[in-house]
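The next block is run-v9.pdb, given as PDB, C-alpha atoms and all ligand atoms.
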MODEL        1
ATOM      1  CA  MET R  85     -10.890  16.620 -16.482
ATOM      2  CA  ILE R  86      -8.079  14.085 -16.867
ATOM      3  CA  LEU R  87      -9.020  10.396 -16.951
ATOM      4  CA  ASN R  88      -5.963   8.479 -15.857
ATOM      5  CA  PHE R  89      -5.947   4.743 -16.634
ATOM      6  CA  GLY R  90      -2.993   3.971 -14.421
ATOM      7  CA  SER R  91      -1.067   1.633 -12.180
ATOM      8  CA  ILE R  92      -1.310   1.491  -8.408
ATOM      9  CA  ASN R  93       1.520  -0.156  -6.463
ATOM     10  CA  LEU R  94       2.498  -0.829  -2.916
ATOM     11  CA  ASP R  95       6.018   0.639  -2.806
ATOM     12  CA  LEU R  96       8.381  -1.258  -0.491
ATOM     13  CA  VAL R  97      11.254   1.173  -0.038
ATOM     14  CA  TYR R  98      14.656   0.216   1.398
ATOM     15  CA  ARG R  99      17.395   2.785   2.042
ATOM     16  CA  VAL R 100      20.768   1.300   1.188
ATOM     17  CA  PRO R 101      24.356   2.610   1.266
ATOM     18  CA  HIS R 102      24.690   1.851  -2.461
ATOM     19  CA  LEU R 103      22.604   0.093  -5.095
ATOM     20  CA  PRO R 104      23.207  -3.670  -4.846
ATOM     21  CA  ALA R 105      25.670  -5.327  -7.231
ATOM     22  CA  PRO R 106      24.874  -8.748  -8.795
ATOM     23  CA  GLY R 107      25.132 -11.458  -6.128
ATOM     24  CA  GLU R 108      25.573  -8.936  -3.300
ATOM     25  CA  THR R 109      23.690  -9.217   0.005
ATOM     26  CA  LEU R 110      23.157  -5.778   1.446
ATOM     27  CA  ALA R 111      21.748  -4.520   4.769
ATOM     28  CA  SER R 112      19.246  -1.669   4.522
ATOM     29  CA  SER R 113      19.177   1.163   7.038
ATOM     30  CA  SER R 114      15.397   1.634   6.858
ATOM     31  CA  PHE R 115      12.224   0.170   5.375
ATOM     32  CA  MET R 116       9.016   2.046   4.564
ATOM     33  CA  ARG R 117       5.868   1.197   2.653
ATOM     34  CA  TYR R 118       4.122   3.813   0.577
ATOM     35  CA  LEU R 119       1.397   4.258  -1.986
ATOM     36  CA  GLY R 120       3.076   4.316  -5.409
ATOM     37  CA  GLY R 121       2.812   3.325  -9.030
ATOM     38  CA  LYS R 122       3.442   5.710 -11.906
ATOM     39  CA  GLY R 123      -0.264   5.986 -12.634
ATOM     40  CA  ILE R 124      -1.541   6.928  -9.194
ATOM     41  CA  ASN R 125       1.509   9.147  -8.566
ATOM     42  CA  GLN R 126       0.540  11.126 -11.665
ATOM     43  CA  SER R 127      -3.108  11.325 -10.588
ATOM     44  CA  ILE R 128      -2.096  12.633  -7.171
ATOM     45  CA  ALA R 129       0.242  15.158  -8.792
ATOM     46  CA  VAL R 130      -2.651  16.407 -10.966
ATOM     47  CA  ALA R 131      -4.964  16.682  -7.958
ATOM     48  CA  ARG R 132      -2.389  18.362  -5.702
ATOM     49  CA  ALA R 133      -1.659  20.887  -8.457
ATOM     50  CA  GLY R 134      -5.341  21.824  -8.444
ATOM     51  CA  GLY R 135      -6.396  19.822 -11.509
ATOM     52  CA  THR R 136      -9.394  17.540 -11.836
ATOM     53  CA  VAL R 137      -8.570  13.862 -12.258
ATOM     54  CA  HIS R 138     -10.473  10.604 -12.281
ATOM     55  CA  HIS R 139      -8.264   7.560 -11.685
ATOM     56  CA  ILE R 140      -9.190   4.242 -13.252
ATOM     57  CA  GLY R 141      -7.221   1.314 -11.846
ATOM     58  CA  CYS R 142      -7.264  -2.178 -10.369
ATOM     59  CA  LEU R 143      -6.368  -3.437  -6.897
ATOM     60  CA  GLY R 144      -6.323  -6.963  -5.560
ATOM     61  CA  PRO R 145      -8.221  -8.208  -2.504
ATOM     62  CA  ASP R 146      -5.109  -7.208  -0.482
ATOM     63  CA  GLY R 147      -5.379  -3.569  -1.581
ATOM     64  CA  GLY R 148      -7.313  -2.188   1.404
ATOM     65  CA  TRP R 149      -4.454  -0.061   2.795
ATOM     66  CA  LEU R 150      -3.803   1.434  -0.645
ATOM     67  CA  ARG R 151      -7.493   2.295  -1.024
ATOM     68  CA  GLU R 152      -7.304   4.191   2.289
ATOM     69  CA  GLN R 153      -4.211   6.030   1.106
ATOM     70  CA  ILE R 154      -5.827   7.004  -2.207
ATOM     71  CA  ALA R 155      -8.957   8.245  -0.464
ATOM     72  CA  GLY R 156      -6.711  10.172   1.939
ATOM     73  CA  PHE R 157      -5.411  12.162  -1.044
ATOM     74  CA  GLY R 158      -9.000  13.115  -1.865
ATOM     75  CA  LEU R 159      -9.256  10.916  -4.969
ATOM     76  CA  SER R 160     -12.440   9.029  -5.777
ATOM     77  CA  LEU R 161     -12.311   5.230  -5.519
ATOM     78  CA  ASP R 162     -15.209   4.833  -7.995
ATOM     79  CA  GLY R 163     -12.970   3.912 -10.932
ATOM     80  CA  ILE R 164     -10.847   1.430  -8.977
ATOM     81  CA  ALA R 165     -11.947  -2.161  -9.469
ATOM     82  CA  THR R 166     -11.189  -4.997  -7.074
ATOM     83  CA  VAL R 167      -9.829  -7.938  -9.058
ATOM     84  CA  ASP R 168      -8.898 -11.467  -8.117
ATOM     85  CA  VAL R 169      -5.145 -10.924  -8.594
ATOM     86  CA  PRO R 170      -2.613  -9.774  -5.968
ATOM     87  CA  THR R 171      -2.054  -6.016  -5.892
ATOM     88  CA  GLY R 172       0.895  -4.706  -7.905
ATOM     89  CA  HIS R 173       3.993  -3.797  -5.930
ATOM     90  CA  ALA R 174       7.424  -2.296  -6.367
ATOM     91  CA  VAL R 175      10.609  -3.155  -4.485
ATOM     92  CA  ILE R 176      12.637   0.060  -4.417
ATOM     93  CA  PHE R 177      16.217   0.614  -3.284
ATOM     94  CA  VAL R 178      17.248   4.224  -2.653
ATOM     95  CA  ASP R 179      20.940   4.978  -2.136
ATOM     96  CA  GLU R 180      22.750   7.841  -0.412
ATOM     97  CA  ALA R 181      22.903   9.827  -3.661
ATOM     98  CA  ALA R 182      19.057   9.620  -3.908
ATOM     99  CA  GLU R 183      19.290   7.312  -6.926
ATOM    100  CA  ASN R 184      16.968   4.343  -7.070
ATOM    101  CA  GLN R 185      16.547   0.888  -8.502
ATOM    102  CA  ILE R 186      13.028  -0.519  -8.924
ATOM    103  CA  VAL R 187      11.691  -4.044  -9.490
ATOM    104  CA  LEU R 188       8.001  -4.236 -10.391
ATOM    105  CA  PHE R 189       5.404  -6.922  -9.877
ATOM    106  CA  GLY R 190       2.538  -5.922 -12.192
ATOM    107  CA  GLY R 191      -0.176  -8.042 -10.518
ATOM    108  CA  SER R 192      -3.551  -6.276 -10.474
ATOM    109  CA  ASN R 193      -2.245  -3.564 -12.809
ATOM    110  CA  HIS R 194      -2.486  -6.124 -15.603
ATOM    111  CA  ALA R 195      -6.105  -7.012 -14.889
ATOM    112  CA  PHE R 196      -7.830  -4.138 -16.738
ATOM    113  CA  THR R 197     -10.703  -5.350 -18.924
ATOM    114  CA  GLN R 198     -12.145  -3.769 -22.054
ATOM    115  CA  ASP R 199     -15.466  -3.495 -20.250
ATOM    116  CA  GLN R 200     -13.939  -1.441 -17.409
ATOM    117  CA  ILE R 201     -12.218   0.814 -19.947
ATOM    118  CA  ASP R 202     -15.336   1.248 -22.109
ATOM    119  CA  ARG R 203     -17.452   2.176 -19.087
ATOM    120  CA  ALA R 204     -14.942   4.803 -17.969
ATOM    121  CA  LEU R 205     -14.570   6.288 -21.446
ATOM    122  CA  ALA R 206     -18.354   6.421 -21.905
ATOM    123  CA  GLN R 207     -18.436   9.011 -19.103
ATOM    124  CA  ALA R 208     -15.837  11.284 -20.709
ATOM    125  CA  SER R 209     -16.614  14.652 -22.261
ATOM    126  CA  ALA R 210     -15.138  15.880 -25.542
ATOM    127  CA  GLU R 211     -12.708  18.290 -23.839
ATOM    128  CA  ASP R 212     -11.253  15.628 -21.482
ATOM    129  CA  TRP R 213      -7.742  14.228 -21.712
ATOM    130  CA  VAL R 214      -6.849  10.577 -21.185
ATOM    131  CA  LEU R 215      -3.527   9.874 -19.454
ATOM    132  CA  LEU R 216      -1.629   6.582 -19.778
ATOM    133  CA  GLN R 217       1.680   5.023 -18.723
ATOM    134  CA  ASN R 218       3.357   1.714 -19.502
ATOM    135  CA  GLU R 219       2.577  -0.172 -16.272
ATOM    136  CA  THR R 220      -0.882  -1.487 -17.160
ATOM    137  CA  ASN R 221      -2.344  -3.868 -19.735
ATOM    138  CA  LEU R 222      -4.559  -2.823 -22.675
ATOM    139  CA  VAL R 223      -2.810   0.551 -23.083
ATOM    140  CA  PRO R 224      -3.123   0.519 -26.920
ATOM    141  CA  TYR R 225      -6.825  -0.328 -26.549
ATOM    142  CA  VAL R 226      -7.419   2.654 -24.258
ATOM    143  CA  ALA R 227      -5.480   5.020 -26.547
ATOM    144  CA  GLN R 228      -7.229   3.825 -29.700
ATOM    145  CA  THR R 229     -10.735   3.874 -28.169
ATOM    146  CA  ALA R 230     -10.232   7.268 -26.541
ATOM    147  CA  LYS R 231      -8.956   8.760 -29.792
ATOM    148  CA  ALA R 232     -11.867   7.289 -31.735
ATOM    149  CA  ARG R 233     -14.170   9.067 -29.252
ATOM    150  CA  GLY R 234     -12.434  12.371 -30.021
ATOM    151  CA  LEU R 235     -10.561  12.659 -26.706
ATOM    152  CA  LYS R 236      -6.996  13.911 -26.387
ATOM    153  CA  VAL R 237      -4.491  11.303 -25.221
ATOM    154  CA  ALA R 238      -1.236  11.786 -23.284
ATOM    155  CA  TYR R 239       1.180   8.863 -22.898
ATOM    156  CA  SER R 240       4.027   8.664 -20.418
ATOM    157  CA  ALA R 241       6.557   6.228 -21.901
ATOM    158  CA  ALA R 242       7.596   4.798 -18.540
ATOM    159  CA  PRO R 243       8.851   2.220 -17.863
ATOM    160  CA  PHE R 244      10.315   2.699 -21.328
ATOM    161  CA  ASP R 245       9.772   0.139 -24.055
ATOM    162  CA  ALA R 246      10.150   1.261 -27.674
ATOM    163  CA  VAL R 247       7.709  -1.421 -28.880
ATOM    164  CA  ALA R 248       5.050  -0.141 -26.473
ATOM    165  CA  VAL R 249       5.577   3.432 -27.731
ATOM    166  CA  ARG R 250       5.226   2.305 -31.343
ATOM    167  CA  GLU R 251       1.901   0.632 -30.487
ATOM    168  CA  VAL R 252       0.336   3.899 -29.302
ATOM    169  CA  LEU R 253       2.109   6.478 -31.451
ATOM    170  CA  ASP R 254      -0.767   6.852 -33.938
ATOM    171  CA  HIS R 255      -3.312   7.367 -31.175
ATOM    172  CA  ILE R 256      -1.730   9.972 -28.918
ATOM    173  CA  ASP R 257      -1.465  13.768 -28.846
ATOM    174  CA  LEU R 258       1.245  14.133 -26.227
ATOM    175  CA  LEU R 259       4.226  11.887 -25.518
ATOM    176  CA  ALA R 260       6.170  12.369 -22.267
ATOM    177  CA  LEU R 261       9.584  10.830 -21.769
ATOM    178  CA  ASN R 262      12.973  11.593 -20.273
ATOM    179  CA  GLU R 263      16.104  12.471 -22.176
ATOM    180  CA  GLY R 264      17.537   8.942 -22.207
ATOM    181  CA  GLU R 265      14.224   7.488 -23.365
ATOM    182  CA  ALA R 266      13.945  10.146 -26.086
ATOM    183  CA  ALA R 267      17.392   9.150 -27.374
ATOM    184  CA  ALA R 268      16.484   5.430 -27.279
ATOM    185  CA  LEU R 269      13.235   6.105 -29.135
ATOM    186  CA  ALA R 270      14.976   8.246 -31.753
ATOM    187  CA  SER R 271      17.444   5.454 -32.425
ATOM    188  CA  ASP R 272      14.639   2.854 -32.599
ATOM    189  CA  LEU R 273      12.437   4.900 -34.940
ATOM    190  CA  GLY R 274      15.166   6.739 -36.835
ATOM    191  CA  ARG R 275      13.288   9.998 -36.063
ATOM    192  CA  GLY R 276      13.698  12.618 -33.347
ATOM    193  CA  ALA R 277      11.065  14.164 -31.061
ATOM    194  CA  SER R 278      10.088  16.893 -33.521
ATOM    195  CA  ASP R 279       9.552  14.418 -36.363
ATOM    196  CA  LEU R 280       7.100  12.052 -34.677
ATOM    197  CA  GLY R 281       4.033  13.809 -36.094
ATOM    198  CA  LEU R 282       2.708  14.470 -32.581
ATOM    199  CA  ASP R 283       1.190  17.735 -31.368
ATOM    200  CA  HIS R 284       3.351  17.724 -28.230
ATOM    201  CA  VAL R 285       6.452  15.894 -27.014
ATOM    202  CA  LEU R 286       7.533  16.617 -23.436
ATOM    203  CA  ILE R 287      11.142  15.720 -22.630
ATOM    204  CA  THR R 288      12.371  15.971 -19.032
ATOM    205  CA  LYS R 289      16.125  16.361 -18.663
ATOM    206  CA  GLY R 290      16.831  16.171 -14.912
ATOM    207  CA  ALA R 291      19.121  18.998 -13.822
ATOM    208  CA  ASP R 292      18.907  20.445 -17.354
ATOM    209  CA  GLY R 293      15.175  21.097 -17.018
ATOM    210  CA  ALA R 294      12.606  20.175 -19.639
ATOM    211  CA  GLU R 295      11.489  20.888 -23.196
ATOM    212  CA  LEU R 296       8.082  20.830 -24.777
ATOM    213  CA  HIS R 297       8.172  20.354 -28.547
ATOM    214  CA  SER R 298       4.860  21.626 -29.896
ATOM    215  CA  ALA R 299       3.851  21.976 -33.557
ATOM    216  CA  ASP R 300       6.092  24.913 -34.520
ATOM    217  CA  GLN R 301       7.618  25.901 -31.211
ATOM    218  CA  VAL R 302       9.957  24.493 -28.569
ATOM    219  CA  PHE R 303       9.430  25.697 -24.985
ATOM    220  CA  HIS R 304      12.395  25.418 -22.589
ATOM    221  CA  GLN R 305      12.231  25.234 -18.810
ATOM    222  CA  GLY R 306      15.219  25.209 -16.453
ATOM    223  CA  SER R 307      15.379  23.157 -13.272
ATOM    224  CA  PHE R 308      15.442  24.437  -9.679
ATOM    225  CA  ALA R 309      18.510  23.480  -7.631
ATOM    226  CA  VAL R 310      17.543  21.575  -4.478
ATOM    227  CA  GLU R 311      19.105  18.946  -2.237
ATOM    228  CA  SER R 312      17.414  15.716  -3.267
ATOM    229  CA  ILE R 313      17.044  12.766  -0.928
ATOM    230  CA  ASP R 314      14.797  10.495  -3.026
ATOM    231  CA  THR R 315      14.065  10.908  -6.742
ATOM    232  CA  THR R 316      11.383   8.166  -6.841
ATOM    233  CA  GLY R 317       8.292   9.586  -8.551
ATOM    234  CA  ALA R 318       9.923  12.874  -9.626
ATOM    235  CA  GLY R 319       9.029  12.269 -13.284
ATOM    236  CA  ASP R 320       5.450  11.381 -12.305
ATOM    237  CA  THR R 321       5.196  14.569 -10.265
ATOM    238  CA  PHE R 322       6.471  16.652 -13.174
ATOM    239  CA  LEU R 323       4.004  15.151 -15.632
ATOM    240  CA  GLY R 324       0.962  15.278 -13.345
ATOM    241  CA  ALA R 325       1.641  18.872 -12.296
ATOM    242  CA  PHE R 326       2.290  19.818 -15.922
ATOM    243  CA  MET R 327      -0.941  18.210 -17.172
ATOM    244  CA  ALA R 328      -3.003  19.933 -14.465
ATOM    245  CA  ARG R 329      -1.957  23.314 -15.930
ATOM    246  CA  PHE R 330      -1.387  22.392 -19.561
ATOM    247  CA  VAL R 331      -5.029  21.365 -20.136
ATOM    248  CA  ASP R 332      -5.922  25.020 -19.431
ATOM    249  CA  GLY R 333      -3.569  26.141 -22.201
ATOM    250  CA  ASP R 334      -0.829  28.028 -20.332
ATOM    251  CA  VAL R 335       2.235  26.107 -21.510
ATOM    252  CA  ALA R 336       4.988  28.275 -20.034
ATOM    253  CA  HIS R 337       3.379  28.357 -16.597
ATOM    254  CA  ALA R 338       2.629  24.619 -16.767
ATOM    255  CA  LEU R 339       6.324  23.903 -17.334
ATOM    256  CA  GLU R 340       7.513  26.220 -14.561
ATOM    257  CA  PHE R 341       4.935  24.877 -12.103
ATOM    258  CA  ALA R 342       5.885  21.273 -12.931
ATOM    259  CA  ALA R 343       9.619  21.985 -12.513
ATOM    260  CA  ALA R 344       8.950  23.514  -9.090
ATOM    261  CA  ALA R 345       6.647  20.658  -8.013
ATOM    262  CA  SER R 346       9.207  17.991  -8.935
ATOM    263  CA  ALA R 347      12.038  19.986  -7.285
ATOM    264  CA  LEU R 348      10.085  20.011  -4.026
ATOM    265  CA  GLN R 349       9.099  16.353  -4.387
ATOM    266  CA  VAL R 350      12.686  15.061  -4.473
ATOM    267  CA  THR R 351      13.496  16.764  -1.164
ATOM    268  CA  ARG R 352      11.230  14.273   0.638
ATOM    269  CA  GLN R 353      11.063  10.520   0.909
ATOM    270  CA  GLY R 354       8.542   8.403  -0.999
ATOM    271  CA  ALA R 355       6.684   8.866  -4.267
ATOM    272  CA  ALA R 356       3.034   9.942  -3.863
ATOM    273  CA  ALA R 357       3.582  10.960  -0.234
ATOM    274  CA  ALA R 358       6.229  13.477  -1.281
ATOM    275  CA  ILE R 359       4.176  15.361  -3.892
ATOM    276  CA  PRO R 360       3.668  19.011  -2.882
ATOM    277  CA  ASP R 361       0.332  20.789  -3.145
ATOM    278  CA  LYS R 362      -0.425  23.889  -5.188
ATOM    279  CA  ALA R 363       0.093  26.319  -2.288
ATOM    280  CA  GLU R 364       3.550  24.896  -1.525
ATOM    281  CA  VAL R 365       4.587  25.120  -5.169
ATOM    282  CA  GLU R 366       3.340  28.690  -5.470
ATOM    283  CA  ALA R 367       5.170  29.676  -2.262
ATOM    284  CA  PHE R 368       8.362  28.055  -3.603
ATOM    285  CA  LEU R 369       8.040  29.955  -6.900
ATOM    286  CA  ARG R 370       7.493  33.264  -5.106
ATOM    287  CA  VAL R 371      10.929  33.119  -3.456
ATOM    288  CA  ARG R 372      12.815  31.983  -6.576
TER     289      ARG R 372
HETATM  290  O1  LIG E 401       7.891   6.372 -10.878
HETATM  291  C1  LIG E 401       7.967   5.871  -9.570
HETATM  292  C2  LIG E 401       7.099   4.657  -9.425
HETATM  293  O2  LIG E 401       7.588   3.628 -10.260
HETATM  294  C3  LIG E 401       7.071   4.055  -8.047
HETATM  295  O3  LIG E 401       6.083   4.630  -7.217
HETATM  296  C4  LIG E 401       6.894   2.571  -8.316
HETATM  297  O4  LIG E 401       5.678   2.052  -7.867
HETATM  298  C5  LIG E 401       7.058   2.400  -9.833
HETATM  299  O5  LIG E 401       5.870   2.248 -10.472
ENDMDL
END
As structure tokens - that is how I would like this structure written.
Amino acid sequence: MILNFGSINLDLVYRVPHLPAPGETLASSSFMRYLGGKGINQSIAVARAGGTVHHIGCLGPDGGWLREQIAGFGLSLDGIATVDVPTGHAVIFVDEAAENQIVLFGGSNHAFTQDQIDRALAQASAEDWVLLQNETNLVPYVAQTAKARGLKVAYSAAPFDAVAVREVLDHIDLLALNEGEAAALASDLGRGASDLGLDHVLITKGADGAELHSADQVFHQGSFAVESIDTTGAGDTFLGAFMARFVDGDVAHALEFAAAASALQVTRQGAAAAIPDKAEVEAFLRVR
């Protein structure tokens, strides 16, 4: 089981001819709203890959539509508190090259309480993993408390902030970040991925695939060439799909499955809505 203490956002997605320059007013060609947030995207990716996940999050009184969406993905709403703060949202521009620009309003994602976290962790079993990102409050508290209870902790360093990584580094077993973030962290800490003293460091490298640095071994995974139309949530898809398989111990398959899941995800619009299920990923891998 993976307990994911993670963000939930309303994604407001605008397709634009190019990403806006400072001071520019730009007309969008379409507008869509989706369920999003790095946390819930990762939970959905775990579930769609066939893993077991329990999402712990916070929504405001305006979060009814997002609750319906989450339930529609088959996830339990038991761990999702209703708080007296507007629901978090993201304003997302996607250009013709499938690149994006995202502005976040944290809102309800910053309303976690220690009590909510303690109650969720009290239900965990020794073999469970805790999953965290950098879009919610009290992340160091969750990591520290989970570790003290003997659970394994995975941290996705997104959105990247070196200070936030430093705060959890002593309490995590797996760090996930992209290539640019890995370089920024190495320059901040003066140490590379293999020298962080962690059991596992997962580095995604876009078209160059991914690497998992584990104790005495580095696993490499190539990427699958696809025509991408929207890369929003691709990293979340990779990590969730990877975790679903990795917790069972098959590292090489976890990496290949995750690369295929994220390749499929970028061929569709939206974040959570674009995440493929296990059968689709397996069918994709069969013809590769
Ligand atoms: O990683 C993609 C996600 O980042 C979006 O769904 C958006 O909500 C932001 O959290």
Assuming the chain letters and numbering stay as they are in my file, what does the PyMOL selection byres (((not hetatm)) within 8 of (chain E and resi 401)) actually select? List them as number ranges by chain.
R: 91-95, 119-123, 125, 173-176, 186-188, 219, 242-243, 316-320, 354-356
Provide the CA of Ser271 (chain R) to CA of Ala241 (chain R) distance in Å, to one decimal place.
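Atom-to-atom, CA of Ser271 (chain R) and CA of Ala241 (chain R) are spaced 15.2 Å apart.
With CA of Lys236 (chain R) on one side and CA of Ile86 (chain R) on the other, the separation reads 9.6 Å.
Pairwise distance (CA of Glu180 (chain R), CA of Ile313 (chain R)) equals 7.6 Å.
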Could you give me, as a ChimeraX atom specification, the residues within 10 Å of Asp283 (chain R), counting all atoms listed in the file and dropping anything in the same chain fewer than 5 positions from it?
/R:256-259,278,297-300
Proximity of region 146-222 of chain R to region 98-106 of chain R: per-residue shortest pair, 9 Å limit, all atoms listed in the file, as CSV:
residue,atom,partner,partner_atom,distance
R:Val175,CA,R:Tyr98,CA,7.9
R:Ile176,CA,R:Tyr98,CA,6.2
R:Phe177,CA,R:Tyr98,CA,5.0
R:Val178,CA,R:Arg99,CA,4.9
R:Asp179,CA,R:His102,CA,4.9
R:Glu180,CA,R:Pro101,CA,5.7
R:Ala181,CA,R:His102,CA,8.3
R:Glu183,CA,R:Leu103,CA,8.2
R:Asn184,CA,R:Leu103,CA,7.3
R:Gln185,CA,R:Leu103,CA,7.0
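The residue that comes closest to Pro170 (chain R), out of R:Thr351, R:Asn221, R:Asn193, R:Ser113 and on the basis of all atoms listed in the file, is R:Asn193.
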Written as a compact mmCIF listing (two decimals) with C-alpha atoms, keeping the file's coordinate frame, what is the full residue list that the PyMOL selection byres (((chain R and resi 171) around 6) and not hetatm) yields on the file shown?
# COMPACT_ATOMS: atom_id res chain seq x y z
CA LEU R 143 -6.37 -3.44 -6.90
CA GLY R 144 -6.32 -6.96 -5.56
CA GLY R 147 -5.38 -3.57 -1.58
CA PRO R 170 -2.61 -9.77 -5.97
CA GLY R 172 0.90 -4.71 -7.90
CA GLY R 191 -0.18 -8.04 -10.52
CA SER R 192 -3.55 -6.28 -10.47
Expansion of the PyMOL selection byres (((chain R and resi 327) around 12) and not hetatm) into residues, as a PDB file with C-alpha atoms, in the coordinates of the input:
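The result, stored in part30.pdb:
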ATOM      1  CA  MET R  85     -10.890  16.620 -16.482  1.00  0.00           C
ATOM      2  CA  ILE R  86      -8.079  14.085 -16.867  1.00  0.00           C
ATOM      3  CA  LEU R  87      -9.020  10.396 -16.951  1.00  0.00           C
ATOM      4  CA  ASN R  88      -5.963   8.479 -15.857  1.00  0.00           C
ATOM      5  CA  GLN R 126       0.540  11.126 -11.665  1.00  0.00           C
ATOM      6  CA  SER R 127      -3.108  11.325 -10.588  1.00  0.00           C
ATOM      7  CA  ILE R 128      -2.096  12.633  -7.171  1.00  0.00           C
ATOM      8  CA  ALA R 129       0.242  15.158  -8.792  1.00  0.00           C
ATOM      9  CA  VAL R 130      -2.651  16.407 -10.966  1.00  0.00           C
ATOM     10  CA  ALA R 131      -4.964  16.682  -7.958  1.00  0.00           C
ATOM     11  CA  ARG R 132      -2.389  18.362  -5.702  1.00  0.00           C
ATOM     12  CA  ALA R 133      -1.659  20.887  -8.457  1.00  0.00           C
ATOM     13  CA  GLY R 134      -5.341  21.824  -8.444  1.00  0.00           C
ATOM     14  CA  GLY R 135      -6.396  19.822 -11.509  1.00  0.00           C
ATOM     15  CA  THR R 136      -9.394  17.540 -11.836  1.00  0.00           C
ATOM     16  CA  VAL R 137      -8.570  13.862 -12.258  1.00  0.00           C
ATOM     17  CA  ASP R 212     -11.253  15.628 -21.482  1.00  0.00           C
ATOM     18  CA  TRP R 213      -7.742  14.228 -21.712  1.00  0.00           C
ATOM     19  CA  VAL R 214      -6.849  10.577 -21.185  1.00  0.00           C
ATOM     20  CA  LEU R 215      -3.527   9.874 -19.454  1.00  0.00           C
ATOM     21  CA  LEU R 216      -1.629   6.582 -19.778  1.00  0.00           C
ATOM     22  CA  LYS R 236      -6.996  13.911 -26.387  1.00  0.00           C
ATOM     23  CA  VAL R 237      -4.491  11.303 -25.221  1.00  0.00           C
ATOM     24  CA  ALA R 238      -1.236  11.786 -23.284  1.00  0.00           C
ATOM     25  CA  TYR R 239       1.180   8.863 -22.898  1.00  0.00           C
ATOM     26  CA  SER R 240       4.027   8.664 -20.418  1.00  0.00           C
ATOM     27  CA  LEU R 258       1.245  14.133 -26.227  1.00  0.00           C
ATOM     28  CA  LEU R 259       4.226  11.887 -25.518  1.00  0.00           C
ATOM     29  CA  ALA R 260       6.170  12.369 -22.267  1.00  0.00           C
ATOM     30  CA  HIS R 284       3.351  17.724 -28.230  1.00  0.00           C
ATOM     31  CA  LEU R 286       7.533  16.617 -23.436  1.00  0.00           C
ATOM     32  CA  ASP R 320       5.450  11.381 -12.305  1.00  0.00           C
ATOM     33  CA  THR R 321       5.196  14.569 -10.265  1.00  0.00           C
ATOM     34  CA  PHE R 322       6.471  16.652 -13.174  1.00  0.00           C
ATOM     35  CA  LEU R 323       4.004  15.151 -15.632  1.00  0.00           C
ATOM     36  CA  GLY R 324       0.962  15.278 -13.345  1.00  0.00           C
ATOM     37  CA  ALA R 325       1.641  18.872 -12.296  1.00  0.00           C
ATOM     38  CA  PHE R 326       2.290  19.818 -15.922  1.00  0.00           C
ATOM     39  CA  ALA R 328      -3.003  19.933 -14.465  1.00  0.00           C
ATOM     40  CA  ARG R 329      -1.957  23.314 -15.930  1.00  0.00           C
ATOM     41  CA  PHE R 330      -1.387  22.392 -19.561  1.00  0.00           C
ATOM     42  CA  VAL R 331      -5.029  21.365 -20.136  1.00  0.00           C
ATOM     43  CA  ASP R 332      -5.922  25.020 -19.431  1.00  0.00           C
ATOM     44  CA  GLY R 333      -3.569  26.141 -22.201  1.00  0.00           C
ATOM     45  CA  ASP R 334      -0.829  28.028 -20.332  1.00  0.00           C
ATOM     46  CA  VAL R 335       2.235  26.107 -21.510  1.00  0.00           C
ATOM     47  CA  HIS R 337       3.379  28.357 -16.597  1.00  0.00           C
ATOM     48  CA  ALA R 338       2.629  24.619 -16.767  1.00  0.00           C
ATOM     49  CA  LEU R 339       6.324  23.903 -17.334  1.00  0.00           C
ATOM     50  CA  GLU R 340       7.513  26.220 -14.561  1.00  0.00           C
ATOM     51  CA  PHE R 341       4.935  24.877 -12.103  1.00  0.00           C
ATOM     52  CA  ALA R 342       5.885  21.273 -12.931  1.00  0.00           C
TER      53      ALA R 342
END
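For Ser209 (chain R), the non-local neighbours within 10 Å, defined as residues at least 2 positions apart in the same chain or in other chains and counting all atoms listed in the file, are R:Met85, R:Leu205, R:Ala206, R:Gln207, R:Glu211, R:Asp212, R:Trp213, R:Arg233, R:Gly234, R:Leu235.
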Selected residues written out, C-alpha atoms, as a compact mmCIF listing (two decimals), in the frame of the given file:
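Ended up saving to again-v3.txt:
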# COMPACT_ATOMS: atom_id res chain seq x y z
CA MET R 85 -10.89 16.62 -16.48
CA LEU R 205 -14.57 6.29 -21.45
CA ALA R 206 -18.35 6.42 -21.90
CA GLN R 207 -18.44 9.01 -19.10
CA GLU R 211 -12.71 18.29 -23.84
CA ASP R 212 -11.25 15.63 -21.48
CA TRP R 213 -7.74 14.23 -21.71
CA ARG R 233 -14.17 9.07 -29.25
CA GLY R 234 -12.43 12.37 -30.02
CA LEU R 235 -10.56 12.66 -26.71
Axis-aligned box for region 185-194 of chain R, 3 Å per side, centre and edges in Å as lines of an AutoDock Vina configuration file:
center_x = 6.5
center_y = -3.6
center_z = -12.1
size_x = 26.1
size_y = 14.9
size_z = 13.1
Under the rule that only C-alpha atoms are counted, which of R:Arg117, R:Arg372, R:Ala182, R:Glu251 is the nearest residue to Val350 (chain R)?
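Smallest distance to Val350 (chain R) is found for R:Ala182.
Proximity of R:Glu263, R:Tyr118, R:Leu96, R:Gly107 to Ala358 (chain R), computed with all atoms listed in the file, is greatest for R:Tyr118.
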Pick the closest to His255 (chain R) from R:Leu348, R:Ala363, R:Ala309, R:Ala227: which is it, counting only C-alpha atoms?
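Selected residue with least distance to His255 (chain R): R:Ala227.
Using all atoms listed in the file, the set of residues no farther than 10 Å from the position (-12.3, -2.2, -8.9) comprises Ile140, Gly141, Cys142, Leu143, Gly144, Pro145, Leu161, Asp162, Gly163, Ile164, Ala165, Thr166, Val167, Asp168, Ser192, Ala195, Phe196 and Gln200 of chain R.
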